[in-house]
>>> print(open('protein34.pdb').read())   # PDB, C-alpha atoms, pLDDT in the B column
MODEL        1
ATOM      1  CA  MET A  16     123.105  65.071  89.396  1.00 62.00           C
ATOM      2  CA  GLY A  17     121.609  66.748  92.442  1.00 76.00           C
ATOM      3  CA  SER A  18     118.167  66.203  93.867  1.00 81.00           C
ATOM      4  CA  GLU A  19     116.858  69.109  91.739  1.00 84.00           C
ATOM      5  CA  GLY A  20     118.034  67.352  88.603  1.00 89.00           C
ATOM      6  CA  ILE A  21     116.448  64.086  89.653  1.00 93.00           C
ATOM      7  CA  GLU A  22     113.156  65.833  90.490  1.00 94.00           C
ATOM      8  CA  ARG A  23     113.139  67.574  87.098  1.00 94.00           C
ATOM      9  CA  GLN A  24     113.820  64.296  85.342  1.00 95.00           C
ATOM     10  CA  GLN A  25     110.962  62.632  87.233  1.00 96.00           C
ATOM     11  CA  GLN A  26     108.644  65.523  86.300  1.00 95.00           C
ATOM     12  CA  LYS A  27     109.531  65.109  82.629  1.00 94.00           C
ATOM     13  CA  VAL A  28     108.854  61.370  82.795  1.00 95.00           C
ATOM     14  CA  GLN A  29     105.488  61.992  84.473  1.00 96.00           C
ATOM     15  CA  GLU A  30     104.604  64.587  81.816  1.00 95.00           C
ATOM     16  CA  PHE A  31     105.493  62.125  79.061  1.00 95.00           C
ATOM     17  CA  LEU A  32     103.370  59.392  80.652  1.00 96.00           C
ATOM     18  CA  ARG A  33     100.385  61.734  81.077  1.00 96.00           C
ATOM     19  CA  LEU A  34     100.619  62.770  77.419  1.00 96.00           C
ATOM     20  CA  LEU A  35     101.278  59.260  76.111  1.00 96.00           C
ATOM     21  CA  PRO A  36      97.656  58.523  75.072  1.00 96.00           C
ATOM     22  CA  VAL A  37      97.455  61.801  73.126  1.00 95.00           C
ATOM     23  CA  THR A  38     100.936  61.240  71.718  1.00 97.00           C
ATOM     24  CA  LEU A  39     100.068  57.786  70.410  1.00 96.00           C
ATOM     25  CA  ALA A  40      96.799  59.072  68.934  1.00 96.00           C
ATOM     26  CA  VAL A  41      98.651  61.871  67.131  1.00 96.00           C
ATOM     27  CA  ALA A  42     101.314  59.416  65.907  1.00 97.00           C
ATOM     28  CA  GLY A  43      98.664  57.157  64.382  1.00 97.00           C
ATOM     29  CA  LEU A  44     100.880  54.091  64.459  1.00 96.00           C
ATOM     30  CA  PRO A  45      99.164  50.728  64.042  1.00 93.00           C
ATOM     31  CA  GLU A  46      99.807  48.093  66.678  1.00 91.00           C
ATOM     32  CA  ALA A  47     101.988  45.220  65.603  1.00 89.00           C
ATOM     33  CA  ALA A  48     100.127  41.971  65.010  1.00 91.00           C
ATOM     34  CA  PRO A  49     100.551  39.319  67.689  1.00 93.00           C
ATOM     35  CA  GLY A  50     103.738  37.399  67.031  1.00 93.00           C
ATOM     36  CA  GLN A  51     105.031  40.029  64.591  1.00 94.00           C
ATOM     37  CA  HIS A  52     108.524  41.227  65.399  1.00 94.00           C
ATOM     38  CA  LEU A  53     109.730  44.607  64.205  1.00 94.00           C
ATOM     39  CA  THR A  54     113.204  45.150  62.831  1.00 96.00           C
ATOM     40  CA  ASP A  55     115.582  47.602  64.456  1.00 97.00           C
ATOM     41  CA  GLY A  56     114.927  50.021  61.586  1.00 97.00           C
ATOM     42  CA  GLN A  57     111.169  49.769  62.026  1.00 96.00           C
ATOM     43  CA  MET A  58     111.437  50.358  65.763  1.00 96.00           C
ATOM     44  CA  GLU A  59     113.672  53.389  65.211  1.00 98.00           C
ATOM     45  CA  ALA A  60     111.241  54.813  62.645  1.00 97.00           C
ATOM     46  CA  ARG A  61     108.356  54.355  65.082  1.00 97.00           C
ATOM     47  CA  ALA A  62     110.391  55.965  67.883  1.00 97.00           C
ATOM     48  CA  THR A  63     111.080  58.971  65.650  1.00 98.00           C
ATOM     49  CA  THR A  64     107.368  59.260  64.881  1.00 98.00           C
ATOM     50  CA  ILE A  65     106.508  59.109  68.587  1.00 97.00           C
ATOM     51  CA  ARG A  66     109.093  61.798  69.399  1.00 97.00           C
ATOM     52  CA  SER A  67     107.563  64.111  66.801  1.00 98.00           C
ATOM     53  CA  ALA A  68     104.037  63.328  67.985  1.00 98.00           C
ATOM     54  CA  TYR A  69     105.055  64.094  71.589  1.00 97.00           C
ATOM     55  CA  LYS A  70     106.194  67.562  70.539  1.00 97.00           C
ATOM     56  CA  VAL A  71     102.845  68.127  68.820  1.00 97.00           C
ATOM     57  CA  ALA A  72     100.933  66.816  71.853  1.00 96.00           C
ATOM     58  CA  ARG A  73     102.810  69.248  74.122  1.00 96.00           C
ATOM     59  CA  GLN A  74     101.953  72.113  71.742  1.00 96.00           C
ATOM     60  CA  ILE A  75      98.288  71.107  71.763  1.00 94.00           C
ATOM     61  CA  ILE A  76      98.193  71.132  75.565  1.00 93.00           C
ATOM     62  CA  ALA A  77     100.016  74.482  75.710  1.00 94.00           C
ATOM     63  CA  GLU A  78      97.497  76.016  73.266  1.00 96.00           C
ATOM     64  CA  ILE A  79      94.555  74.644  75.236  1.00 94.00           C
ATOM     65  CA  ALA A  80      96.002  76.024  78.474  1.00 93.00           C
ATOM     66  CA  LYS A  81      96.162  79.574  77.096  1.00 88.00           C
TER      67      LYS A  81
ENDMDL
END
>>> encode(input="protein34.pdb", output="C-alpha cells")
Amino acid sequence: MGSEGIERQQQKVQEFLRLLPVTLAVAGLPEAAPGQHLTDGQMEARATTIRSAYKVARQIIAEIAK
C-alpha cells in the first residue's frame, strides 16, 4: 500500500471518528451495564447495527451539505 492508500485509510478513520457520536445516536444502542459481558453474537449484532447507522449518518451529512 503506497502513501496515497495510507492517507486515504487515515481519512476514512478520521471521518468515522467525527461521525461516531451521530452514528451511535442513530443506532440507539443501550450501553451495557457495568460488569455485564456481551456474547460474541451480541457484539456482532451491535457491530452490524453500528455499520448500518454509520451509512445513515453519512447520508444525513451528505444531505445537509447540499
>>> residues_around(input="protein34.pdb", residues="region 58-66 of chain A", least_positions_apart="4", cutoff="12 Å", atoms="all atoms listed in the file", output="PyMOL selection string")
chain A and resi 31+34-47+52-54+70-73
>>> write_last_selection(input="protein34.pdb", atoms="C-alpha atoms", output="short mmCIF file (atom, residue, chain, number, x, y, z; two decimals), in the frame of the given file")
data_model
loop_
_atom_site.label_atom_id
_atom_site.label_comp_id
_atom_site.auth_asym_id
_atom_site.auth_seq_id
_atom_site.Cartn_x
_atom_site.Cartn_y
_atom_site.Cartn_z
CA PHE A 31 105.49 62.12 79.06
CA LEU A 34 100.62 62.77 77.42
CA LEU A 35 101.28 59.26 76.11
CA PRO A 36 97.66 58.52 75.07
CA VAL A 37 97.46 61.80 73.13
CA THR A 38 100.94 61.24 71.72
CA LEU A 39 100.07 57.79 70.41
CA ALA A 40 96.80 59.07 68.93
CA VAL A 41 98.65 61.87 67.13
CA ALA A 42 101.31 59.42 65.91
CA GLY A 43 98.66 57.16 64.38
CA LEU A 44 100.88 54.09 64.46
CA PRO A 45 99.16 50.73 64.04
CA GLU A 46 99.81 48.09 66.68
CA ALA A 47 101.99 45.22 65.60
CA HIS A 52 108.52 41.23 65.40
CA LEU A 53 109.73 44.61 64.20
CA THR A 54 113.20 45.15 62.83
CA LYS A 70 106.19 67.56 70.54
CA VAL A 71 102.84 68.13 68.82
CA ALA A 72 100.93 66.82 71.85
CA ARG A 73 102.81 69.25 74.12
#
>>> atom_distance(input="protein34.pdb", atom1="CA of Gln74 (chain A)", atom2="CA of Glu22 (chain A)")
22.7 Å
>>> atom_distance(input="protein34.pdb", atom1="CA of Ile76 (chain A)", atom2="CA of Arg33 (chain A)")
11.1 Å
>>> atom_distance(input="protein34.pdb", atom1="CA of Ser18 (chain A)", atom2="CA of Ala77 (chain A)")
27.0 Å
>>> axis_aligned_box(input="protein34.pdb", around="region 35-53 of chain A", padding_each_side="5 Å", output="AutoDock Vina command-line options")
--center_x 103.3 --center_y 49.6 --center_z 70.1 --size_x 22.9 --size_y 34.5 --size_z 22.1
>>> closest_residue(input="protein34.pdb", among="A:Glu19, A:Gln57, A:Glu30, A:Gln24", to="Tyr69 (chain A)", atoms="all atoms listed in the file")
A:Glu30
>>> build_atoms(input="protein34.pdb", residues="region 35-55 of chain A", atoms="N, CA and C atoms", output="PDB file, keeping the file's coordinate frame")
ATOM      1  N   LEU A  35     101.081  60.419  76.980  1.00 96.00           N
ATOM      2  CA  LEU A  35     101.278  59.260  76.111  1.00 96.00           C
ATOM      3  C   LEU A  35     100.028  58.886  75.311  1.00 96.00           C
ATOM      4  N   PRO A  36      98.831  58.856  75.901  1.00 96.00           N
ATOM      5  CA  PRO A  36      97.656  58.523  75.072  1.00 96.00           C
ATOM      6  C   PRO A  36      97.447  59.504  73.913  1.00 96.00           C
ATOM      7  N   VAL A  37      97.602  60.794  74.187  1.00 95.00           N
ATOM      8  CA  VAL A  37      97.455  61.801  73.126  1.00 95.00           C
ATOM      9  C   VAL A  37      98.576  61.641  72.111  1.00 95.00           C
ATOM     10  N   THR A  38      99.779  61.409  72.597  1.00 97.00           N
ATOM     11  CA  THR A  38     100.936  61.240  71.718  1.00 97.00           C
ATOM     12  C   THR A  38     100.720  60.083  70.748  1.00 97.00           C
ATOM     13  N   LEU A  39     100.272  58.954  71.268  1.00 96.00           N
ATOM     14  CA  LEU A  39     100.068  57.786  70.410  1.00 96.00           C
ATOM     15  C   LEU A  39      98.925  58.013  69.424  1.00 96.00           C
ATOM     16  N   ALA A  40      97.892  58.753  69.851  1.00 96.00           N
ATOM     17  CA  ALA A  40      96.799  59.072  68.934  1.00 96.00           C
ATOM     18  C   ALA A  40      97.287  59.972  67.803  1.00 96.00           C
ATOM     19  N   VAL A  41      98.103  60.968  68.144  1.00 96.00           N
ATOM     20  CA  VAL A  41      98.651  61.871  67.131  1.00 96.00           C
ATOM     21  C   VAL A  41      99.584  61.100  66.179  1.00 96.00           C
ATOM     22  N   ALA A  42     100.369  60.185  66.727  1.00 97.00           N
ATOM     23  CA  ALA A  42     101.314  59.416  65.907  1.00 97.00           C
ATOM     24  C   ALA A  42     100.586  58.532  64.907  1.00 97.00           C
ATOM     25  N   GLY A  43      99.451  57.971  65.300  1.00 97.00           N
ATOM     26  CA  GLY A  43      98.664  57.157  64.382  1.00 97.00           C
ATOM     27  C   GLY A  43      99.319  55.852  63.975  1.00 97.00           C
ATOM     28  N   LEU A  44     100.191  55.331  64.806  1.00 96.00           N
ATOM     29  CA  LEU A  44     100.880  54.091  64.459  1.00 96.00           C
ATOM     30  C   LEU A  44      99.983  52.886  64.721  1.00 96.00           C
ATOM     31  N   PRO A  45      99.937  51.943  63.785  1.00 93.00           N
ATOM     32  CA  PRO A  45      99.164  50.728  64.042  1.00 93.00           C
ATOM     33  C   PRO A  45      99.916  49.829  65.011  1.00 93.00           C
ATOM     34  N   GLU A  46      99.163  49.059  65.784  1.00 91.00           N
ATOM     35  CA  GLU A  46      99.807  48.093  66.678  1.00 91.00           C
ATOM     36  C   GLU A  46     100.347  46.947  65.838  1.00 91.00           C
ATOM     37  N   ALA A  47     101.439  46.379  66.286  1.00 89.00           N
ATOM     38  CA  ALA A  47     101.988  45.220  65.603  1.00 89.00           C
ATOM     39  C   ALA A  47     101.071  44.025  65.863  1.00 89.00           C
ATOM     40  N   ALA A  48     100.949  43.175  64.871  1.00 91.00           N
ATOM     41  CA  ALA A  48     100.127  41.971  65.010  1.00 91.00           C
ATOM     42  C   ALA A  48     100.777  41.039  66.030  1.00 91.00           C
ATOM     43  N   PRO A  49      99.975  40.281  66.734  1.00 93.00           N
ATOM     44  CA  PRO A  49     100.551  39.319  67.689  1.00 93.00           C
ATOM     45  C   PRO A  49     101.548  38.399  66.989  1.00 93.00           C
ATOM     46  N   GLY A  50     102.693  38.253  67.598  1.00 93.00           N
ATOM     47  CA  GLY A  50     103.738  37.399  67.031  1.00 93.00           C
ATOM     48  C   GLY A  50     104.599  38.078  65.977  1.00 93.00           C
ATOM     49  N   GLN A  51     104.242  39.299  65.583  1.00 94.00           N
ATOM     50  CA  GLN A  51     105.031  40.029  64.591  1.00 94.00           C
ATOM     51  C   GLN A  51     106.171  40.744  65.306  1.00 94.00           C
ATOM     52  N   HIS A  52     107.360  40.568  64.819  1.00 94.00           N
ATOM     53  CA  HIS A  52     108.524  41.227  65.399  1.00 94.00           C
ATOM     54  C   HIS A  52     109.000  42.314  64.449  1.00 94.00           C
ATOM     55  N   LEU A  53     109.268  43.480  65.010  1.00 94.00           N
ATOM     56  CA  LEU A  53     109.730  44.607  64.205  1.00 94.00           C
ATOM     57  C   LEU A  53     111.248  44.580  64.110  1.00 94.00           C
ATOM     58  N   THR A  54     111.757  45.048  62.989  1.00 96.00           N
ATOM     59  CA  THR A  54     113.204  45.150  62.831  1.00 96.00           C
ATOM     60  C   THR A  54     113.700  46.365  63.603  1.00 96.00           C
ATOM     61  N   ASP A  55     115.005  46.434  63.783  1.00 97.00           N
ATOM     62  CA  ASP A  55     115.582  47.602  64.456  1.00 97.00           C
ATOM     63  C   ASP A  55     115.223  48.885  63.715  1.00 97.00           C
TER      64      ASP A  55
END
